[in-house]
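To start, the structure under review is shown below, and the notes come after it.
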Amino acid sequence: MQKSYREELVGVFGDPIDENPTVILEQAAFQACQLNYRYLNILVKSEDLEQAILGMKAMHMKGINLTIPHKCAVLPYLDGISKEASIIGAVNTIVVKDGKLLGENTDGKGFLTSLQENDITVLGQEIMILGAGGAARAIAVELALAGAKKITIVNRSRQRGEELTTLIQEKTSCQAEFLLWNKTISIPEEINILVNATSIGLFPNVEQKPDLDESSLRPDLIVCDVIPNHPRTQLLKMAEQQGAKTIDGLGMLVNQGAINFQLWTGKKAPVEVMKQAIQKEFGLEESL
Ligand code: NDP
């Protein structure tokens, strides 16, 4: 067969987009699997989203990730949407199949995979989620659909917190309650899994930690953080000191990238290669 100089295109649309690091792990995976694919960070302004989506079709792209501000705005341009993305109300990945655009949300699925990798079951568990933004929404819906017994949403602003709580109550069979985060919170005994899904601790604010009672982090609690950089957050360090098992946000980032890779290429992702590439990029090889 003659050599092809054409690359299959995937990437991410967003604004801002320059600092999005997903390209590192996807390119490492394409290279490891010898796939002639290219992942591009593409600046797309809100007012140009429709044209960008049409351009994607015209250029026969295999798919795209969506980030701020397009995750919800893209919904009218899709030909189909997964059940999970439809409940979450946001799409972070489009897969192009037979010229049709199919919307997925892999944020929460990446998180669930991180739990599975650590042999943690969700079925019947009581879970507390800090935050009610995009990441919290995706994680809460996936946990509810995976059979969590009850989810408590803890958020600083009442409106977003109550909205997510109502969404879980109305669209899934999981119980949900809202707790306003206006003072130091203590993690109740019945909670099995605590998830920080806020942006507290994200680089460069690596010294920030959620306002919670450190002594309520018990050894039998599983404490998860979504922050990918730096992944050993103050929360996870506090939890480790109390003997709790911890799950970091780097795993979620890699697993989400791996799911996207599989959706676009139809091949199993080289997860370890992807993880090493992003650790190297973040300068984490020494510190982990
Ligand atoms: P949003 O802006 O949609 O939501 C941010 C959330 O954090 C809100 O609930 C907000 O509360 C809360 N919050 C922010 N600062 C504080 C604070 N000082 N005290 C209390 N609450 C606070 O962001 P996303 O949900 O999209 O992203 C959240 C984090 O998740 C980011 O750091 C992002 O990097 C990470 N993420 C990680 C992924 C991974 O693969 N590891 C994937 C996706 C996201 P309020 O509503 O009151 O403003």
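Letters A, B, ... go to the chains of the structure tokens in the order shown; residues in each chain start at 1; ligands are counted from 1 in the same order.
Of the residues in region 54-100 of chain A, those that DSSP places in helix (DSSP H, G or I) on the basis of the backbone are Leu54, Gly55, Met56, Lys57, Ala58, Leu75, Pro76, Tyr77, Lys83, Glu84, Ala85, Ser86, Ile87 and Ile88 of chain A.
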Write a file of the just-selected residues containing C-alpha atoms, as a PDB file, in the first residue's frame.
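Wrote selection_25.pdb, looks like this:
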ATOM      1  CA  LEU A  54     -19.355  22.308  10.428  1.00  0.00           C
ATOM      2  CA  GLY A  55     -15.628  22.564   9.680  1.00  0.00           C
ATOM      3  CA  MET A  56     -15.022  19.402  11.668  1.00  0.00           C
ATOM      4  CA  LYS A  57     -17.445  17.516   9.449  1.00  0.00           C
ATOM      5  CA  ALA A  58     -16.019  19.095   6.274  1.00  0.00           C
ATOM      6  CA  LEU A  75     -25.806  20.306  22.250  1.00  0.00           C
ATOM      7  CA  PRO A  76     -27.950  21.757  19.366  1.00  0.00           C
ATOM      8  CA  TYR A  77     -25.347  20.728  16.770  1.00  0.00           C
ATOM      9  CA  LYS A  83     -27.729   8.745  28.086  1.00  0.00           C
ATOM     10  CA  GLU A  84     -25.149   9.919  30.641  1.00  0.00           C
ATOM     11  CA  ALA A  85     -24.242  13.105  28.726  1.00  0.00           C
ATOM     12  CA  SER A  86     -27.923  13.847  28.275  1.00  0.00           C
ATOM     13  CA  ILE A  87     -28.567  13.646  32.046  1.00  0.00           C
ATOM     14  CA  ILE A  88     -25.401  15.658  32.833  1.00  0.00           C
TER      15      ILE A  88
END
How would you report the residues lying within 9 Å of ligand 1, as a short mmCIF file (atom, residue, chain, number, x, y, z; two decimals) with N, CA, C and O atoms, in the first residue's frame, if you count only C-alpha atoms and all ligand atoms?
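Below you can see out_9.cif, which holds the result:
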data_model
loop_
_atom_site.label_atom_id
_atom_site.label_comp_id
_atom_site.auth_asym_id
_atom_site.auth_seq_id
_atom_site.Cartn_x
_atom_site.Cartn_y
_atom_site.Cartn_z
N THR A 67 -14.20 22.00 25.70
CA THR A 67 -13.99 22.53 27.04
C THR A 67 -14.62 23.92 27.11
O THR A 67 -15.34 24.32 26.16
N ILE A 68 -14.37 24.62 28.22
CA ILE A 68 -14.98 25.94 28.43
C ILE A 68 -14.86 26.79 27.17
O ILE A 68 -13.76 26.85 26.61
N THR A 106 -17.09 12.06 29.13
CA THR A 106 -16.15 11.06 29.67
C THR A 106 -15.49 11.53 30.98
O THR A 106 -14.69 10.80 31.54
N ASP A 107 -15.83 12.74 31.46
CA ASP A 107 -15.24 13.24 32.72
C ASP A 107 -15.53 12.28 33.89
O ASP A 107 -14.62 11.84 34.58
N GLY A 108 -16.80 11.99 34.07
CA GLY A 108 -17.21 11.13 35.19
C GLY A 108 -16.79 9.69 34.97
O GLY A 108 -16.48 8.97 35.92
N GLY A 110 -14.06 8.69 33.48
CA GLY A 110 -12.64 8.62 33.84
C GLY A 110 -12.49 8.49 35.35
O GLY A 110 -11.66 7.72 35.84
N PHE A 111 -13.33 9.21 36.08
CA PHE A 111 -13.29 9.15 37.54
C PHE A 111 -13.68 7.74 38.02
O PHE A 111 -13.02 7.14 38.87
N LEU A 130 -17.75 17.52 47.15
CA LEU A 130 -17.52 18.96 47.36
C LEU A 130 -17.54 19.62 45.99
O LEU A 130 -16.76 19.25 45.11
N GLY A 131 -18.43 20.59 45.79
CA GLY A 131 -18.52 21.28 44.51
C GLY A 131 -19.75 20.87 43.73
O GLY A 131 -20.33 19.79 43.97
N ALA A 132 -20.17 21.75 42.81
CA ALA A 132 -21.36 21.48 42.00
C ALA A 132 -21.18 22.03 40.59
O ALA A 132 -22.15 22.31 39.90
N GLY A 133 -19.91 22.19 40.16
CA GLY A 133 -19.64 22.68 38.81
C GLY A 133 -19.65 21.53 37.80
O GLY A 133 -20.21 20.46 38.08
N GLY A 134 -19.02 21.76 36.65
CA GLY A 134 -19.05 20.76 35.57
C GLY A 134 -18.50 19.41 35.98
O GLY A 134 -19.10 18.37 35.69
N ALA A 135 -17.35 19.40 36.67
CA ALA A 135 -16.73 18.13 37.06
C ALA A 135 -17.62 17.40 38.07
O ALA A 135 -17.86 16.19 37.95
N ALA A 136 -18.14 18.15 39.06
CA ALA A 136 -19.01 17.54 40.08
C ALA A 136 -20.26 16.95 39.46
O ALA A 136 -20.72 15.86 39.82
N ARG A 137 -20.82 17.66 38.50
CA ARG A 137 -22.04 17.20 37.81
C ARG A 137 -21.81 15.86 37.12
O ARG A 137 -22.58 14.91 37.28
N ALA A 138 -20.70 15.79 36.35
CA ALA A 138 -20.40 14.56 35.61
C ALA A 138 -20.13 13.40 36.58
O ALA A 138 -20.63 12.29 36.39
N VAL A 154 -22.10 19.19 48.53
CA VAL A 154 -21.71 20.29 49.42
C VAL A 154 -21.19 21.42 48.55
O VAL A 154 -20.21 21.24 47.82
N ASN A 155 -21.85 22.57 48.56
CA ASN A 155 -21.38 23.67 47.69
C ASN A 155 -21.55 25.02 48.37
O ASN A 155 -22.41 25.23 49.20
N ARG A 156 -20.64 25.92 47.98
CA ARG A 156 -20.57 27.28 48.52
C ARG A 156 -21.77 28.10 48.06
O ARG A 156 -22.40 28.79 48.84
N SER A 157 -22.09 28.00 46.77
CA SER A 157 -23.27 28.75 46.30
C SER A 157 -24.47 27.81 46.26
O SER A 157 -24.40 26.69 45.75
N ARG A 158 -25.57 28.28 46.89
CA ARG A 158 -26.74 27.43 47.08
C ARG A 158 -27.36 27.00 45.75
O ARG A 158 -27.72 25.84 45.57
N GLN A 159 -27.47 27.94 44.81
CA GLN A 159 -28.22 27.64 43.59
C GLN A 159 -27.65 26.46 42.80
O GLN A 159 -28.36 25.52 42.46
N ARG A 160 -26.32 26.50 42.55
CA ARG A 160 -25.70 25.41 41.79
C ARG A 160 -25.80 24.08 42.53
O ARG A 160 -26.05 23.03 41.94
N GLY A 161 -25.62 24.16 43.87
CA GLY A 161 -25.68 22.94 44.69
C GLY A 161 -27.06 22.32 44.65
O GLY A 161 -27.21 21.11 44.48
N TRP A 181 -22.22 25.03 52.07
CA TRP A 181 -20.84 25.06 52.60
C TRP A 181 -20.51 26.48 53.03
O TRP A 181 -19.83 27.21 52.33
N ASN A 182 -21.01 26.85 54.23
CA ASN A 182 -20.75 28.21 54.73
C ASN A 182 -19.98 28.20 56.03
O ASN A 182 -19.79 29.22 56.67
N ASN A 196 -13.36 15.61 46.32
CA ASN A 196 -13.22 17.05 46.08
C ASN A 196 -13.35 17.29 44.59
O ASN A 196 -12.45 16.94 43.82
N ALA A 197 -14.48 17.88 44.17
CA ALA A 197 -14.67 18.21 42.75
C ALA A 197 -14.71 19.72 42.56
O ALA A 197 -15.30 20.22 41.60
N THR A 198 -14.09 20.45 43.49
CA THR A 198 -13.93 21.90 43.32
C THR A 198 -12.57 22.15 42.66
O THR A 198 -11.78 21.22 42.48
N SER A 199 -12.27 23.41 42.38
CA SER A 199 -10.96 23.73 41.83
C SER A 199 -9.94 24.10 42.92
O SER A 199 -8.86 24.57 42.63
N ILE A 200 -10.31 23.84 44.19
CA ILE A 200 -9.40 24.16 45.31
C ILE A 200 -8.14 23.29 45.21
O ILE A 200 -8.24 22.07 45.17
N GLY A 201 -6.97 23.96 45.16
CA GLY A 201 -5.71 23.22 45.12
C GLY A 201 -5.10 23.11 43.73
O GLY A 201 -4.00 22.58 43.56
N LEU A 202 -5.82 23.63 42.72
CA LEU A 202 -5.30 23.56 41.34
C LEU A 202 -4.08 24.49 41.20
O LEU A 202 -4.11 25.61 41.72
N PHE A 203 -3.05 24.04 40.50
CA PHE A 203 -1.86 24.85 40.26
C PHE A 203 -2.26 26.22 39.71
O PHE A 203 -3.11 26.27 38.83
N GLN A 208 -3.79 25.59 48.80
CA GLN A 208 -5.21 25.70 49.19
C GLN A 208 -5.76 24.34 49.60
O GLN A 208 -5.43 23.33 48.98
N LYS A 209 -6.64 24.34 50.62
CA LYS A 209 -7.32 23.10 50.97
C LYS A 209 -8.77 23.37 51.34
O LYS A 209 -9.09 24.47 51.81
N PRO A 210 -9.65 22.38 51.13
CA PRO A 210 -11.06 22.60 51.44
C PRO A 210 -11.26 22.84 52.93
O PRO A 210 -10.53 22.28 53.74
N ASP A 211 -12.26 23.64 53.27
CA ASP A 211 -12.54 23.97 54.65
C ASP A 211 -13.32 22.82 55.29
O ASP A 211 -14.55 22.80 55.27
N ASP A 225 -9.63 13.22 44.84
CA ASP A 225 -9.50 14.60 44.40
C ASP A 225 -9.49 14.62 42.88
O ASP A 225 -8.94 13.71 42.26
N VAL A 226 -10.09 15.67 42.28
CA VAL A 226 -10.09 15.76 40.81
C VAL A 226 -8.89 16.56 40.29
O VAL A 226 -8.64 16.58 39.09
N ILE A 227 -8.18 17.23 41.20
CA ILE A 227 -7.08 18.11 40.77
C ILE A 227 -5.95 17.30 40.13
O ILE A 227 -5.33 16.47 40.82
N PRO A 228 -5.67 17.55 38.82
CA PRO A 228 -4.62 16.75 38.19
C PRO A 228 -3.21 17.31 38.39
O PRO A 228 -2.24 16.58 38.28
N ASN A 229 -3.12 18.61 38.69
CA ASN A 229 -1.80 19.23 38.76
C ASN A 229 -1.76 20.29 39.86
O ASN A 229 -2.45 21.29 39.76
N PRO A 231 -1.08 16.58 41.63
CA PRO A 231 -2.08 15.60 42.10
C PRO A 231 -2.04 15.30 43.59
O PRO A 231 -3.06 14.92 44.16
N ASP A 248 -6.07 10.13 43.32
CA ASP A 248 -5.79 11.48 42.82
C ASP A 248 -6.42 11.78 41.45
O ASP A 248 -6.93 10.90 40.78
N GLY A 249 -6.37 13.07 41.06
CA GLY A 249 -7.03 13.53 39.84
C GLY A 249 -6.24 13.27 38.56
O GLY A 249 -6.77 13.41 37.46
N LEU A 250 -4.97 12.88 38.72
CA LEU A 250 -4.17 12.58 37.53
C LEU A 250 -4.71 11.31 36.87
O LEU A 250 -4.81 11.22 35.64
N GLY A 251 -5.10 10.35 37.71
CA GLY A 251 -5.67 9.09 37.20
C GLY A 251 -6.94 9.37 36.41
O GLY A 251 -7.16 8.82 35.31
N MET A 252 -7.77 10.27 36.93
CA MET A 252 -9.03 10.62 36.24
C MET A 252 -8.73 11.23 34.88
O MET A 252 -9.36 10.89 33.87
N LEU A 253 -7.74 12.13 34.84
CA LEU A 253 -7.37 12.80 33.59
C LEU A 253 -6.88 11.78 32.55
O LEU A 253 -7.30 11.80 31.39
N VAL A 254 -6.04 10.87 33.01
CA VAL A 254 -5.49 9.86 32.10
C VAL A 254 -6.60 8.90 31.64
O VAL A 254 -6.71 8.60 30.44
N ASN A 255 -7.42 8.47 32.57
CA ASN A 255 -8.47 7.51 32.21
C ASN A 255 -9.50 8.11 31.26
O ASN A 255 -10.00 7.44 30.36
N GLN A 256 -9.79 9.39 31.45
CA GLN A 256 -10.71 10.07 30.55
C GLN A 256 -10.08 10.16 29.15
O GLN A 256 -10.74 9.89 28.14
N GLY A 257 -8.80 10.48 29.10
CA GLY A 257 -8.09 10.53 27.82
C GLY A 257 -8.07 9.16 27.15
O GLY A 257 -8.18 9.05 25.92
#
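Residues lying within 9 Å of Val95 (chain A), counting only C-alpha atoms and ignoring same-chain neighbours fewer than 5 positions away, are Met61, Lys62, Gly63, Ile64, Asn65, Lys100, Leu101, Leu102, Gly103, Glu104, Asn260, Leu263 and Trp264 of chain A.
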Tell me, in Å to one decimal, how far CA of Phe261 (chain A) is from CA of Thr22 (chain A). 11.0 Å
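Reported to one decimal place, the separation of CA of Val91 (chain A) from CA of Leu35 (chain A) is 25.3 Å.
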Taking the DSSP secondary structure from the backbone, can you list the residues of region 80-218 of chain A that are strand (DSSP E or B), as number ranges by chain? A: 80-81, 93-97, 100-104, 126-130, 150-155, 175-180, 185, 193-196, 212
With N, CA and C atoms kept, could you save the residues just selected as a tab-separated table (two decimals), in the first residue's frame?
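result31.tsv was written with the following content:
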chain	number	residue	atom	x	y	z
A	80	GLY	N	-26.66	12.94	17.93
A	80	GLY	CA	-27.07	11.99	18.97
A	80	GLY	C	-26.27	12.27	20.22
A	81	ILE	N	-26.75	11.75	21.36
A	81	ILE	CA	-26.07	12.01	22.63
A	81	ILE	C	-26.25	10.79	23.54
A	93	THR	N	-16.91	15.26	24.71
A	93	THR	CA	-16.29	14.51	23.61
A	93	THR	C	-17.31	14.27	22.51
A	94	ILE	N	-16.89	14.55	21.26
A	94	ILE	CA	-17.73	14.18	20.11
A	94	ILE	C	-16.99	13.08	19.35
A	95	VAL	N	-17.75	12.07	18.95
A	95	VAL	CA	-17.21	11.01	18.10
A	95	VAL	C	-17.95	11.13	16.76
A	96	VAL	N	-17.20	11.13	15.65
A	96	VAL	CA	-17.86	11.19	14.33
A	96	VAL	C	-17.96	9.77	13.78
A	97	LYS	N	-19.20	9.35	13.56
A	97	LYS	CA	-19.43	7.99	13.02
A	97	LYS	C	-20.34	8.12	11.82
A	100	LYS	N	-21.99	11.30	11.28
A	100	LYS	CA	-22.89	11.80	12.34
A	100	LYS	C	-22.08	12.16	13.59
A	101	LEU	N	-22.51	13.22	14.27
A	101	LEU	CA	-21.80	13.67	15.47
A	101	LEU	C	-22.49	13.14	16.73
A	102	LEU	N	-21.77	12.29	17.47
A	102	LEU	CA	-22.34	11.69	18.68
A	102	LEU	C	-21.67	12.26	19.92
A	103	GLY	N	-22.47	12.78	20.85
A	103	GLY	CA	-21.94	13.44	22.04
A	103	GLY	C	-21.81	12.48	23.22
A	104	GLU	N	-20.66	12.57	23.92
A	104	GLU	CA	-20.38	11.74	25.10
A	104	GLU	C	-19.90	12.66	26.21
A	126	GLU	N	-22.37	5.55	50.34
A	126	GLU	CA	-22.82	6.92	50.61
A	126	GLU	C	-21.65	7.86	50.32
A	127	ILE	N	-21.88	8.82	49.44
A	127	ILE	CA	-20.78	9.62	48.90
A	127	ILE	C	-21.04	11.10	49.13
A	128	MET	N	-19.98	11.82	49.52
A	128	MET	CA	-20.09	13.27	49.66
A	128	MET	C	-19.23	13.92	48.58
A	129	ILE	N	-19.83	14.84	47.83
A	129	ILE	CA	-19.09	15.54	46.76
A	129	ILE	C	-18.99	17.01	47.11
A	130	LEU	N	-17.75	17.52	47.15
A	130	LEU	CA	-17.52	18.96	47.36
A	130	LEU	C	-17.54	19.62	45.99
A	150	LYS	N	-26.52	7.01	48.22
A	150	LYS	CA	-26.88	8.40	48.51
A	150	LYS	C	-25.70	9.33	48.20
A	151	ILE	N	-26.01	10.48	47.61
A	151	ILE	CA	-24.96	11.47	47.33
A	151	ILE	C	-25.32	12.78	48.03
A	152	THR	N	-24.36	13.29	48.82
A	152	THR	CA	-24.55	14.60	49.44
A	152	THR	C	-23.70	15.61	48.68
A	153	ILE	N	-24.35	16.64	48.16
A	153	ILE	CA	-23.65	17.70	47.43
A	153	ILE	C	-23.38	18.84	48.40
A	154	VAL	N	-22.10	19.19	48.53
A	154	VAL	CA	-21.71	20.29	49.42
A	154	VAL	C	-21.19	21.42	48.55
A	155	ASN	N	-21.85	22.57	48.56
A	155	ASN	CA	-21.38	23.67	47.69
A	155	ASN	C	-21.55	25.02	48.37
A	175	GLN	N	-30.51	8.49	46.10
A	175	GLN	CA	-30.96	9.57	47.00
A	175	GLN	C	-29.94	10.71	46.95
A	176	ALA	N	-30.40	11.94	47.16
A	176	ALA	CA	-29.46	13.07	47.15
A	176	ALA	C	-29.90	14.13	48.13
A	177	GLU	N	-28.91	14.80	48.75
A	177	GLU	CA	-29.25	15.95	49.60
A	177	GLU	C	-28.20	17.04	49.42
A	178	PHE	N	-28.60	18.26	49.74
A	178	PHE	CA	-27.70	19.39	49.59
A	178	PHE	C	-27.30	19.94	50.95
A	179	LEU	N	-26.01	20.29	51.07
A	179	LEU	CA	-25.50	20.91	52.29
A	179	LEU	C	-24.78	22.19	51.89
A	180	LEU	N	-25.24	23.32	52.45
A	180	LEU	CA	-24.60	24.60	52.13
A	180	LEU	C	-23.25	24.68	52.83
A	185	ILE	N	-16.83	22.01	57.42
A	185	ILE	CA	-17.70	20.83	57.47
A	185	ILE	C	-16.96	19.65	58.07
A	193	ILE	N	-17.22	7.53	50.81
A	193	ILE	CA	-16.31	8.12	49.82
A	193	ILE	C	-16.50	9.64	49.82
A	194	LEU	N	-15.37	10.37	49.90
A	194	LEU	CA	-15.41	11.84	49.82
A	194	LEU	C	-14.69	12.25	48.53
A	195	VAL	N	-15.33	13.15	47.75
A	195	VAL	CA	-14.72	13.58	46.49
A	195	VAL	C	-14.58	15.10	46.49
A	196	ASN	N	-13.36	15.61	46.32
A	196	ASN	CA	-13.22	17.05	46.08
A	196	ASN	C	-13.35	17.29	44.59
A	212	LEU	N	-12.56	21.85	55.81
A	212	LEU	CA	-13.21	20.72	56.49
A	212	LEU	C	-12.42	20.32	57.73
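Picture a line from CA of Leu43 (chain A) to CA of Met274 (chain A); it runs 23.6 Å.
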